[in-house]
$ cat input-v5.cif   # mmCIF, C-alpha atoms
data_coords
#
loop_
_atom_site.group_PDB
_atom_site.id
_atom_site.type_symbol
_atom_site.label_atom_id
_atom_site.label_comp_id
_atom_site.auth_asym_id
_atom_site.auth_seq_id
_atom_site.Cartn_x
_atom_site.Cartn_y
_atom_site.Cartn_z
ATOM 1 C CA MET Z 1 0.000 0.000 0.000
ATOM 2 C CA LYS Z 2 1.247 3.452 -0.951
ATOM 3 C CA PRO Z 3 2.052 5.528 2.159
ATOM 4 C CA MET Z 4 -0.087 8.649 2.605
ATOM 5 C CA PRO Z 5 1.917 11.809 1.837
ATOM 6 C CA GLN Z 6 2.843 13.786 4.910
ATOM 7 C CA ILE Z 7 0.756 16.946 4.858
ATOM 8 C CA VAL Z 8 2.573 20.104 5.835
ATOM 9 C CA GLY Z 9 1.780 23.722 5.043
ATOM 10 C CA LEU Z 10 2.251 24.747 1.459
ATOM 11 C CA ALA Z 11 5.629 26.382 1.027
ATOM 12 C CA LEU Z 12 7.075 28.769 -1.535
ATOM 13 C CA ASP Z 13 9.888 26.406 -2.435
ATOM 14 C CA ASP Z 14 11.532 24.400 -5.220
ATOM 15 C CA HIS Z 15 8.615 21.915 -5.236
ATOM 16 C CA LEU Z 16 6.061 24.648 -5.870
ATOM 17 C CA ALA Z 17 8.265 26.287 -8.533
ATOM 18 C CA LYS Z 18 8.562 22.869 -10.217
ATOM 19 C CA ASP Z 19 4.773 22.360 -10.074
ATOM 20 C CA ILE Z 20 4.233 25.799 -11.631
ATOM 21 C CA SER Z 21 6.850 25.258 -14.348
ATOM 22 C CA SER Z 22 5.452 21.862 -15.247
ATOM 23 C CA ALA Z 23 1.835 23.116 -15.382
ATOM 24 C CA VAL Z 24 2.742 26.171 -17.486
ATOM 25 C CA GLY Z 25 5.031 24.201 -19.816
ATOM 26 C CA ASN Z 26 2.421 21.476 -20.266
ATOM 27 C CA ALA Z 27 -0.504 23.852 -20.926
ATOM 28 C CA MET Z 28 1.521 25.900 -23.424
ATOM 29 C CA HIS Z 29 2.885 22.850 -25.225
ATOM 30 C CA GLN Z 30 -0.407 20.939 -25.404
ATOM 31 C CA THR Z 31 -2.541 23.930 -26.397
ATOM 32 C CA PHE Z 32 -0.211 26.061 -28.527
ATOM 33 C CA ASN Z 33 2.542 23.591 -29.434
ATOM 34 C CA VAL Z 34 5.217 25.996 -28.126
ATOM 35 C CA GLU Z 35 8.054 25.443 -25.671
ATOM 36 C CA VAL Z 36 8.415 27.915 -22.821
ATOM 37 C CA LEU Z 37 11.532 28.209 -20.719
ATOM 38 C CA PRO Z 38 11.165 28.873 -16.977
ATOM 39 C CA GLY Z 39 13.687 31.275 -15.462
ATOM 40 C CA PRO Z 40 14.959 31.315 -11.871
ATOM 41 C CA TYR Z 41 12.161 32.099 -9.437
ATOM 42 C CA GLU Z 42 12.155 35.027 -7.057
ATOM 43 C CA ILE Z 43 10.871 35.049 -3.481
ATOM 44 C CA GLY Z 44 9.947 38.244 -1.712
ATOM 45 C CA ASP Z 45 7.603 39.739 0.826
ATOM 46 C CA GLY Z 46 5.231 42.662 1.055
ATOM 47 C CA MET Z 47 3.935 44.629 -1.862
ATOM 48 C CA VAL Z 48 4.931 43.820 -5.404
ATOM 49 C CA SER Z 49 3.871 45.186 -8.763
ATOM 50 C CA LEU Z 50 3.799 43.188 -11.970
ATOM 51 C CA VAL Z 51 3.397 44.903 -15.312
ATOM 52 C CA GLY Z 52 1.337 43.299 -18.048
ATOM 53 C CA ASP Z 53 -1.504 43.801 -20.511
ATOM 54 C CA VAL Z 54 -3.731 40.848 -19.619
ATOM 55 C CA SER Z 55 -3.684 39.048 -16.268
ATOM 56 C CA GLY Z 56 -5.623 36.010 -15.064
ATOM 57 C CA VAL Z 57 -6.210 35.948 -11.305
ATOM 58 C CA ILE Z 58 -7.530 33.187 -9.021
ATOM 59 C CA GLY Z 59 -7.838 33.144 -5.245
ATOM 60 C CA MET Z 60 -7.082 29.975 -3.297
ATOM 61 C CA VAL Z 61 -7.615 28.680 0.237
ATOM 62 C CA GLN Z 62 -6.298 25.696 2.165
ATOM 63 C CA ASN Z 63 -7.286 25.391 5.827
ATOM 64 C CA GLN Z 64 -5.507 28.362 7.436
ATOM 65 C CA LEU Z 65 -3.832 29.455 4.233
ATOM 66 C CA GLU Z 66 -4.994 32.160 1.865
ATOM 67 C CA GLY Z 67 -3.371 32.947 -1.419
ATOM 68 C CA THR Z 68 -3.531 34.428 -4.868
ATOM 69 C CA LEU Z 69 -2.402 32.914 -8.139
ATOM 70 C CA MET Z 70 -1.776 35.181 -11.083
ATOM 71 C CA LEU Z 71 -0.688 34.792 -14.685
ATOM 72 C CA CYS Z 72 0.533 38.059 -16.195
ATOM 73 C CA LEU Z 73 1.098 38.372 -19.948
ATOM 74 C CA THR Z 74 1.718 41.121 -22.472
ATOM 75 C CA PHE Z 75 -0.260 41.452 -25.716
ATOM 76 C CA GLU Z 76 2.972 40.618 -27.565
ATOM 77 C CA THR Z 77 3.135 37.226 -25.836
ATOM 78 C CA ILE Z 78 -0.525 36.567 -26.589
ATOM 79 C CA ARG Z 79 0.082 37.482 -30.236
ATOM 80 C CA GLU Z 80 2.842 34.849 -30.279
ATOM 81 C CA LEU Z 81 0.542 32.197 -28.844
ATOM 82 C CA LEU Z 82 -2.933 32.601 -30.300
ATOM 83 C CA PRO Z 83 -2.112 32.259 -34.020
ATOM 84 C CA GLN Z 84 -1.019 28.686 -33.236
ATOM 85 C CA VAL Z 85 -4.703 27.912 -32.630
ATOM 86 C CA VAL Z 86 -6.744 30.490 -34.540
ATOM 87 C CA GLY Z 87 -4.455 30.707 -37.567
ATOM 88 C CA LYS Z 88 -1.889 33.250 -38.657
ATOM 89 C CA SER Z 89 -4.248 35.185 -40.950
ATOM 90 C CA ILE Z 90 -6.687 36.117 -38.149
ATOM 91 C CA SER Z 91 -5.972 39.379 -36.339
ATOM 92 C CA ILE Z 92 -6.020 38.937 -32.585
ATOM 93 C CA THR Z 93 -8.725 41.033 -30.933
ATOM 94 C CA HIS Z 94 -8.931 42.212 -27.358
ATOM 95 C CA GLU Z 95 -11.839 39.795 -26.755
ATOM 96 C CA MET Z 96 -9.803 36.864 -28.063
ATOM 97 C CA ALA Z 97 -6.905 37.783 -25.771
ATOM 98 C CA VAL Z 98 -9.182 37.992 -22.715
ATOM 99 C CA ASP Z 99 -10.887 34.715 -23.607
ATOM 100 C CA ALA Z 100 -7.564 32.951 -24.092
ATOM 101 C CA VAL Z 101 -5.964 34.209 -20.888
ATOM 102 C CA GLY Z 102 -9.091 33.216 -18.928
ATOM 103 C CA GLU Z 103 -8.876 29.683 -20.246
ATOM 104 C CA ILE Z 104 -5.081 29.373 -19.939
ATOM 105 C CA THR Z 105 -5.369 30.592 -16.343
ATOM 106 C CA ASN Z 106 -7.999 27.947 -15.709
ATOM 107 C CA MET Z 107 -5.918 25.156 -17.203
ATOM 108 C CA ILE Z 108 -2.624 26.129 -15.581
ATOM 109 C CA PHE Z 109 -3.980 26.640 -12.082
ATOM 110 C CA GLY Z 110 -6.264 23.610 -12.391
ATOM 111 C CA GLN Z 111 -3.160 21.566 -13.096
ATOM 112 C CA ILE Z 112 -1.136 23.183 -10.300
ATOM 113 C CA LYS Z 113 -4.038 22.333 -7.972
ATOM 114 C CA ALA Z 114 -3.946 18.708 -9.171
ATOM 115 C CA ASN Z 115 -0.141 18.527 -8.735
ATOM 116 C CA LEU Z 116 -0.416 19.970 -5.221
ATOM 117 C CA GLY Z 117 -3.241 17.522 -4.469
ATOM 118 C CA GLN Z 118 -0.872 14.652 -5.265
ATOM 119 C CA ARG Z 119 1.545 16.101 -2.704
ATOM 120 C CA GLY Z 120 -1.220 16.168 -0.058
ATOM 121 C CA HIS Z 121 -2.270 19.810 -0.400
ATOM 122 C CA GLN Z 122 -6.002 19.987 -0.925
ATOM 123 C CA LEU Z 123 -6.670 23.491 -2.216
ATOM 124 C CA LYS Z 124 -9.875 25.206 -3.167
ATOM 125 C CA LEU Z 125 -9.665 27.674 -6.034
ATOM 126 C CA GLY Z 126 -11.925 30.696 -6.456
ATOM 127 C CA ILE Z 127 -13.566 31.913 -9.629
ATOM 128 C CA PRO Z 128 -10.950 33.127 -12.106
ATOM 129 C CA CYS Z 129 -11.099 36.680 -13.371
ATOM 130 C CA VAL Z 130 -9.164 38.476 -16.079
ATOM 131 C CA VAL Z 131 -7.788 41.995 -15.717
ATOM 132 C CA THR Z 132 -6.893 43.919 -18.873
ATOM 133 C CA GLY Z 133 -5.330 47.232 -19.756
ATOM 134 C CA LYS Z 134 -2.164 48.048 -21.662
ATOM 135 C CA GLY Z 135 0.743 48.172 -19.215
ATOM 136 C CA HIS Z 136 -1.454 47.783 -16.159
ATOM 137 C CA PHE Z 137 0.073 47.244 -12.737
ATOM 138 C CA VAL Z 138 -1.054 44.364 -10.577
ATOM 139 C CA SER Z 139 -0.302 45.221 -6.973
ATOM 140 C CA GLN Z 140 -0.679 42.821 -4.100
ATOM 141 C CA PHE Z 141 -1.053 44.025 -0.533
ATOM 142 C CA HIS Z 142 -0.611 41.275 2.009
ATOM 143 C CA ARG Z 143 1.447 40.236 4.969
ATOM 144 C CA GLY Z 144 2.789 37.018 3.503
ATOM 145 C CA ARG Z 145 5.434 36.153 0.975
ATOM 146 C CA TYR Z 146 5.297 35.768 -2.766
ATOM 147 C CA MET Z 147 6.986 33.790 -5.504
ATOM 148 C CA ILE Z 148 7.383 34.967 -9.076
ATOM 149 C CA VAL Z 149 8.319 32.456 -11.755
ATOM 150 C CA PRO Z 150 9.299 34.067 -15.075
ATOM 151 C CA PHE Z 151 8.849 32.257 -18.385
ATOM 152 C CA HIS Z 152 10.475 32.992 -21.728
ATOM 153 C CA LEU Z 153 8.818 32.385 -25.077
ATOM 154 C CA ASP Z 154 10.755 33.431 -28.151
ATOM 155 C CA GLY Z 155 12.089 36.587 -26.528
ATOM 156 C CA GLN Z 156 8.804 37.402 -24.785
ATOM 157 C CA LEU Z 157 8.519 37.284 -21.016
ATOM 158 C CA PHE Z 158 5.496 36.388 -18.912
ATOM 159 C CA GLN Z 159 5.175 35.700 -15.216
ATOM 160 C CA VAL Z 160 3.327 33.530 -12.757
ATOM 161 C CA TYR Z 161 2.895 35.032 -9.324
ATOM 162 C CA VAL Z 162 1.863 33.162 -6.179
ATOM 163 C CA ALA Z 163 1.236 34.928 -2.875
ATOM 164 C CA LEU Z 164 0.602 33.000 0.338
ATOM 165 C CA HIS Z 165 -0.471 34.195 3.694
ATOM 166 C CA THR Z 166 -0.604 31.907 6.695
ATOM 167 C CA ASP Z 167 1.083 31.605 10.060
ATOM 168 C CA LYS Z 168 2.206 28.129 9.076
ATOM 169 C CA VAL Z 169 3.729 28.955 5.730
ATOM 170 C CA LYS Z 170 7.285 27.771 5.449
ATOM 171 C CA ALA Z 171 8.617 30.356 3.052
ATOM 172 C CA ARG Z 172 12.291 30.590 2.352
ATOM 173 C CA MET Y 1 -8.496 6.732 -37.922
ATOM 174 C CA SER Y 2 -10.342 7.659 -41.128
ATOM 175 C CA GLN Y 3 -13.452 5.827 -39.878
ATOM 176 C CA LEU Y 4 -13.895 8.780 -37.492
ATOM 177 C CA ALA Y 5 -14.407 11.159 -40.415
ATOM 178 C CA ASN Y 6 -18.177 10.618 -40.544
ATOM 179 C CA LEU Y 7 -18.768 11.510 -36.912
ATOM 180 C CA LYS Y 8 -21.028 14.468 -36.182
ATOM 181 C CA ILE Y 9 -19.646 16.408 -33.234
ATOM 182 C CA LEU Y 10 -20.724 19.302 -31.016
ATOM 183 C CA ILE Y 11 -18.180 21.233 -28.931
ATOM 184 C CA ALA Y 12 -19.794 23.124 -26.027
ATOM 185 C CA ASP Y 13 -17.336 25.495 -24.358
ATOM 186 C CA ASP Y 14 -17.654 29.158 -23.432
ATOM 187 C CA HIS Y 15 -14.051 29.787 -24.506
ATOM 188 C CA PHE Y 16 -13.423 30.503 -28.169
ATOM 189 C CA LEU Y 17 -9.843 29.244 -27.736
ATOM 190 C CA ILE Y 18 -11.005 25.740 -26.779
ATOM 191 C CA ARG Y 19 -13.747 25.563 -29.425
ATOM 192 C CA GLN Y 20 -11.141 26.393 -32.067
ATOM 193 C CA PHE Y 21 -8.487 24.132 -30.523
ATOM 194 C CA VAL Y 22 -10.804 21.092 -30.515
ATOM 195 C CA ARG Y 23 -12.034 21.846 -34.046
ATOM 196 C CA ASN Y 24 -8.389 21.941 -35.252
ATOM 197 C CA ALA Y 25 -7.536 18.747 -33.394
ATOM 198 C CA LEU Y 26 -10.519 16.907 -34.901
ATOM 199 C CA GLN Y 27 -9.343 17.833 -38.392
ATOM 200 C CA GLU Y 28 -6.373 15.519 -37.795
ATOM 201 C CA SER Y 29 -8.920 12.685 -37.762
ATOM 202 C CA LYS Y 30 -10.617 14.190 -40.841
ATOM 203 C CA VAL Y 31 -13.691 15.069 -38.768
ATOM 204 C CA THR Y 32 -15.308 18.088 -40.402
ATOM 205 C CA ASN Y 33 -18.972 17.846 -39.359
ATOM 206 C CA VAL Y 34 -18.407 19.955 -36.261
ATOM 207 C CA GLN Y 35 -20.650 22.566 -34.639
ATOM 208 C CA THR Y 36 -20.024 24.647 -31.545
ATOM 209 C CA ALA Y 37 -22.048 26.044 -28.645
ATOM 210 C CA ALA Y 38 -20.892 28.795 -26.288
ATOM 211 C CA ASP Y 39 -23.028 27.801 -23.286
ATOM 212 C CA GLY Y 40 -25.147 25.011 -21.838
ATOM 213 C CA ASN Y 41 -28.460 26.375 -23.152
ATOM 214 C CA GLU Y 42 -27.196 26.575 -26.697
ATOM 215 C CA ALA Y 43 -25.800 23.037 -26.378
ATOM 216 C CA ILE Y 44 -29.197 21.672 -25.283
ATOM 217 C CA ASP Y 45 -30.952 23.482 -28.149
ATOM 218 C CA LEU Y 46 -28.525 22.209 -30.783
ATOM 219 C CA VAL Y 47 -28.551 18.605 -29.527
ATOM 220 C CA GLN Y 48 -32.352 18.517 -29.411
ATOM 221 C CA LYS Y 49 -32.795 20.150 -32.820
ATOM 222 C CA ALA Y 50 -30.288 17.784 -34.438
ATOM 223 C CA HIS Y 51 -32.095 14.805 -32.903
ATOM 224 C CA ASP Y 52 -35.520 16.063 -33.986
ATOM 225 C CA ALA Y 53 -34.202 16.567 -37.508
ATOM 226 C CA GLY Y 54 -33.095 12.918 -37.587
ATOM 227 C CA GLN Y 55 -29.398 13.872 -37.703
ATOM 228 C CA PRO Y 56 -28.271 13.477 -34.109
ATOM 229 C CA TYR Y 57 -24.770 14.243 -32.879
ATOM 230 C CA ASP Y 58 -22.541 11.238 -32.304
ATOM 231 C CA VAL Y 59 -20.304 13.013 -29.797
ATOM 232 C CA VAL Y 60 -20.907 16.054 -27.580
ATOM 233 C CA PHE Y 61 -17.877 17.583 -25.835
ATOM 234 C CA LEU Y 62 -18.928 19.480 -22.708
ATOM 235 C CA ASP Y 63 -16.966 21.973 -20.664
ATOM 236 C CA TRP Y 64 -17.886 21.797 -16.961
ATOM 237 C CA ASN Y 65 -18.111 25.506 -16.143
ATOM 238 C CA MET Y 66 -20.205 27.374 -18.668
ATOM 239 C CA PRO Y 67 -22.635 30.282 -18.410
ATOM 240 C CA THR Y 68 -26.379 29.552 -17.931
ATOM 241 C CA ILE Y 69 -26.195 25.740 -17.599
ATOM 242 C CA SER Y 70 -23.102 23.739 -16.654
ATOM 243 C CA GLY Y 71 -21.789 20.854 -18.718
ATOM 244 C CA LEU Y 72 -22.698 18.444 -15.932
ATOM 245 C CA GLU Y 73 -26.307 19.681 -16.019
ATOM 246 C CA VAL Y 74 -26.430 19.256 -19.802
ATOM 247 C CA LEU Y 75 -25.097 15.724 -19.388
ATOM 248 C CA SER Y 76 -27.663 14.844 -16.678
ATOM 249 C CA TYR Y 77 -30.500 16.368 -18.759
ATOM 250 C CA PHE Y 78 -29.805 14.137 -21.761
ATOM 251 C CA ARG Y 79 -28.926 11.020 -19.798
ATOM 252 C CA ALA Y 80 -32.438 11.164 -18.283
ATOM 253 C CA LYS Y 81 -33.859 10.702 -21.819
ATOM 254 C CA ASN Y 82 -33.814 7.297 -23.519
ATOM 255 C CA GLU Y 83 -33.473 8.666 -27.039
ATOM 256 C CA TYR Y 84 -29.931 9.926 -26.399
ATOM 257 C CA THR Y 85 -28.385 6.686 -25.098
ATOM 258 C CA ASN Y 86 -26.298 6.243 -28.253
ATOM 259 C CA THR Y 87 -24.853 9.753 -28.049
ATOM 260 C CA ALA Y 88 -21.441 10.019 -26.408
ATOM 261 C CA PHE Y 89 -21.308 12.868 -23.899
ATOM 262 C CA VAL Y 90 -17.691 13.647 -23.069
ATOM 263 C CA MET Y 91 -16.599 16.036 -20.332
ATOM 264 C CA LEU Y 92 -13.665 18.169 -21.545
ATOM 265 C CA THR Y 93 -12.725 20.302 -18.578
ATOM 266 C CA ALA Y 94 -9.943 21.664 -16.374
ATOM 267 C CA GLU Y 95 -11.786 20.206 -13.337
ATOM 268 C CA SER Y 96 -9.373 17.493 -12.228
ATOM 269 C CA GLU Y 97 -10.703 16.569 -8.782
ATOM 270 C CA GLN Y 98 -11.440 12.879 -8.377
ATOM 271 C CA GLN Y 99 -14.847 13.590 -6.832
ATOM 272 C CA ASN Y 100 -15.866 15.632 -9.893
ATOM 273 C CA ILE Y 101 -14.703 12.903 -12.244
ATOM 274 C CA MET Y 102 -16.792 10.389 -10.267
ATOM 275 C CA LYS Y 103 -19.770 12.768 -10.317
ATOM 276 C CA ALA Y 104 -19.592 13.015 -14.114
ATOM 277 C CA ILE Y 105 -19.145 9.265 -14.601
ATOM 278 C CA LYS Y 106 -22.127 8.606 -12.301
ATOM 279 C CA ALA Y 107 -24.164 11.120 -14.317
ATOM 280 C CA GLY Y 108 -23.402 9.057 -17.440
ATOM 281 C CA ALA Y 109 -20.349 10.673 -19.051
ATOM 282 C CA THR Y 110 -18.933 8.429 -21.768
ATOM 283 C CA SER Y 111 -15.456 9.769 -21.132
ATOM 284 C CA TYR Y 112 -13.691 12.448 -19.085
ATOM 285 C CA ILE Y 113 -10.822 14.455 -20.540
ATOM 286 C CA ILE Y 114 -8.829 16.893 -18.436
ATOM 287 C CA LYS Y 115 -7.583 20.078 -20.107
ATOM 288 C CA PRO Y 116 -4.942 20.771 -21.246
ATOM 289 C CA VAL Y 117 -4.871 17.878 -23.687
ATOM 290 C CA SER Y 118 -2.746 17.486 -26.806
ATOM 291 C CA PRO Y 119 -4.418 17.059 -30.205
ATOM 292 C CA THR Y 120 -2.884 13.556 -30.402
ATOM 293 C CA ASP Y 121 -4.338 12.492 -27.054
ATOM 294 C CA LEU Y 122 -7.707 14.033 -27.913
ATOM 295 C CA ASN Y 123 -7.860 11.981 -31.106
ATOM 296 C CA LYS Y 124 -6.841 8.803 -29.256
ATOM 297 C CA LYS Y 125 -9.758 9.427 -26.896
ATOM 298 C CA LEU Y 126 -12.029 10.081 -29.857
ATOM 299 C CA PHE Y 127 -11.121 6.674 -31.263
ATOM 300 C CA GLU Y 128 -12.087 5.030 -27.925
ATOM 301 C CA ILE Y 129 -15.353 6.991 -27.991
ATOM 302 C CA TYR Y 130 -15.985 5.845 -31.561
ATOM 303 C CA GLU Y 131 -15.525 2.230 -30.414
ATOM 304 C CA TRP Y 132 -18.040 2.869 -27.603
ATOM 305 C CA ILE Y 133 -20.563 4.264 -30.118
ATOM 306 C CA LYS Y 134 -20.073 1.213 -32.367
ATOM 307 C CA ARG Y 135 -20.638 -1.192 -29.462
ATOM 308 C CA LYS Y 136 -23.732 0.748 -28.362
ATOM 309 C CA ARG Y 137 -25.242 0.653 -31.841
ATOM 310 C CA GLN Y 138 -24.441 -3.033 -32.307
ATOM 311 C CA SER Y 139 -26.048 -3.957 -28.985
ATOM 312 C CA GLY Y 140 -29.060 -1.770 -29.890
ATOM 313 C CA GLN Y 141 -29.458 -3.577 -33.211
ATOM 314 C CA ALA Y 142 -29.146 -6.970 -31.505
ATOM 315 C CA LEU Y 143 -31.938 -6.013 -29.097
ATOM 316 C CA HIS Y 144 -34.229 -4.786 -31.862
ATOM 317 C CA GLY Y 145 -33.297 -7.400 -34.435
#
$ encode --input "input-v5.cif" --output "structure tokens"
Amino acid sequence: MKPMPQIVGLALDDHLAKDISSAVGNAMHQTFNVEVLPGPYEIGDGMVSLVGDVSGVIGMVQNQLEGTLMLCLTFETIRELLPQVVGKSISITHEMAVDAVGEITNMIFGQIKANLGQRGHQLKLGIPCVVTGKGHFVSQFHRGRYMIVPFHLDGQLFQVYVALHTDKVKAR
Amino acid sequence: MSQLANLKILIADDHFLIRQFVRNALQESKVTNVQTAADGNEAIDLVQKAHDAGQPYDVVFLDWNMPTISGLEVLSYFRAKNEYTNTAFVMLTAESEQQNIMKAIKAGATSYIIKPVSPTDLNKKLFEIYEWIKRKRQSGQALHG
């Protein structure tokens, strides 16, 4: 019989960065047939601002933990991705970009949730929402720590941001 | 997989990206008789109209979370009607929790596919679904013959 995984608080660590990288890489490869390269992750605390054009945001909870998951992309990155599905002759509209980021957010964080579930972290995700606006800032105000994992796609950069707040979080 | 080419398929998903992605993927199996619905209501309308016109869908892909009526509700609605037993209702969703998968299977889902999925894997699943449809129709003919 397979031993039950030991459940400890979710940590902003190598395991989480690996889960994020695998979920992002998988979603991008399966859906758009592109390879994305994760960069070294960054850990910090307090307020942070990400700059993007379209961001997908989902809240998450796990017992005493609260958190936010965010995927932040520029229109340039979306213009690299979408033609792989809709065709190169179609011009990418704002509505298409919002639709796509909403669904990519869903797929990526759904998969991160499944990966974390396999490690014993049963998370509940909120309803995803998409924020748009050329060069908008996404600012997070909280008392916990955050992790930012950058991804590179043919010279374009996009980021996944995870913020956690709990007394039990083992952030490094 | 050319025997799949004659399948009539409906893709119900509120996201344009997925409707287009699945349509592209199905073209690899030469499936071209494909319609789409952007929510659960539209899916119910299209499935019923196609059935009433004597040209029912063979396969209906359903997203779980859609506006108006969820994919699970669409599935339960049709599984409560005898005339749709030969139609394959397939959940195609990012919902990966085991309890949701069980809920959909109990409600009568023919298959459950978790997004993201590659075009190759989607077509492999479609072949399994095609085999299910064939078995269903053969057992139906045996009963009536």
$ atom_distance --input "input-v5.cif" --atom1 "atom CA of Y:Arg19" --atom2 "atom CA of Z:Val24"
20.4 Å
$ residues_around --input "input-v5.cif" --residues "Y:Lys134" --least-positions-apart "5" --cutoff "12 Å" --atoms "all atoms listed in the file" --output "ChimeraX atom specification"
/Y:3-4,7,58,86-88,127-129,139-141
$ atom_distance --input "input-v5.cif" --atom1 "atom CA of Y:Ile11" --atom2 "atom CA of Y:Val34"
7.4 Å
$ resolve_selection --input "input-v5.cif" --expression "the PyMOL selection byres ((chain Y) within 10 of (chain Z))" --output "PyMOL selection string"
chain Y and resi 14-25+93-98+114-121
$ resolve_selection --input "input-v5.cif" --expression "the PyMOL selection byres ((chain Z and resi 141-155) around 8)" --output "MDAnalysis selection string"
chainID Z and resid 12 17 20:21 34:48 77 139:140 156:166 171
$ closest_residue --input "input-v5.cif" --among "Y:Asn41, Y:Asn100, Y:Thr32, Y:Ser111" --to "Y:Asp13" --atoms "all atoms listed in the file"
Y:Asn41
$ atom_distance --input "input-v5.cif" --atom1 "atom CA of Y:Glu28" --atom2 "atom CA of Y:Asp52"
29.4 Å
$ closest_residue --input "input-v5.cif" --among "Z:Val57, Z:His94, Z:Gln118, Z:Leu123" --to "Z:Leu69" --atoms "all atoms listed in the file"
Z:Val57
$ resolve_selection --input "input-v5.cif" --expression "the PyMOL selection byres ((chain Z and resi 138) around 6)" --output "list of chain:residue names"
Z:Ser49, Z:Leu50, Z:Phe137, Z:Ser139
$ write_last_selection --input "input-v5.cif" --atoms "C-alpha atoms" --output "mmCIF file, in the coordinates of the input"
data_model
loop_
_atom_site.group_PDB
_atom_site.id
_atom_site.type_symbol
_atom_site.label_atom_id
_atom_site.label_comp_id
_atom_site.auth_asym_id
_atom_site.auth_seq_id
_atom_site.Cartn_x
_atom_site.Cartn_y
_atom_site.Cartn_z
ATOM 1 C CA SER Z 49 3.871 45.186 -8.763
ATOM 2 C CA LEU Z 50 3.799 43.188 -11.970
ATOM 3 C CA PHE Z 137 0.073 47.244 -12.737
ATOM 4 C CA SER Z 139 -0.302 45.221 -6.973
#
$ residues_around --input "input-v5.cif" --residues "stretch 69-84 of chain Y" --least-positions-apart "4" --cutoff "10 Å" --atoms "all atoms listed in the file" --output "PyMOL selection string"
chain Y and resi 12-13+39-44+47-48+51+56-58+60-65+88-93+100+103-110
$ closest_residue --input "input-v5.cif" --among "Z:Arg79, Z:Ile58, Z:Thr105, Z:Cys72" --to "Z:Gly126" --atoms "only C-alpha atoms"
Z:Ile58
$ closest_residue --input "input-v5.cif" --among "Y:Ala37, Y:Arg137, Y:Tyr130, Y:Thr85" --to "Y:Ala5" --atoms "all atoms listed in the file"
Y:Tyr130
$ closest_residue --input "input-v5.cif" --among "Y:Pro67, Y:Leu126, Y:Ala53, Y:Leu26" --to "Y:Ala38" --atoms "only C-alpha atoms"
Y:Pro67
$ axis_aligned_box --input "input-v5.cif" --around "stretch 71-86 of chain Y" --padding-each-side "8 Å" --output "lines of an AutoDock Vina configuration file"
center_x = -27.8
center_y = 13.5
center_z = -22.1
size_x = 28.1
size_y = 30.6
size_z = 28.3
$ residues_around --input "input-v5.cif" --residues "Z:Gly59" --least-positions-apart "3" --cutoff "6 Å" --atoms "all atoms listed in the file" --output "list in words"
Gly67, Thr68, Leu125 and Gly126 of chain Z
$ closest_residue --input "input-v5.cif" --among "Y:Leu122, Y:Met66, Y:Ala50, Y:Met102" --to "Y:Gln27" --atoms "all atoms listed in the file"
Y:Leu122
$ residues_near_point --input "input-v5.cif" --point "(-10.5, 43.0, -16.4)" --cutoff "10 Å" --atoms "only C-alpha atoms" --output "list in words"
Asp53, Val54, Ser55, Gly56, Val57, Val98, Cys129, Val130, Val131, Thr132 and Gly133 of chain Z
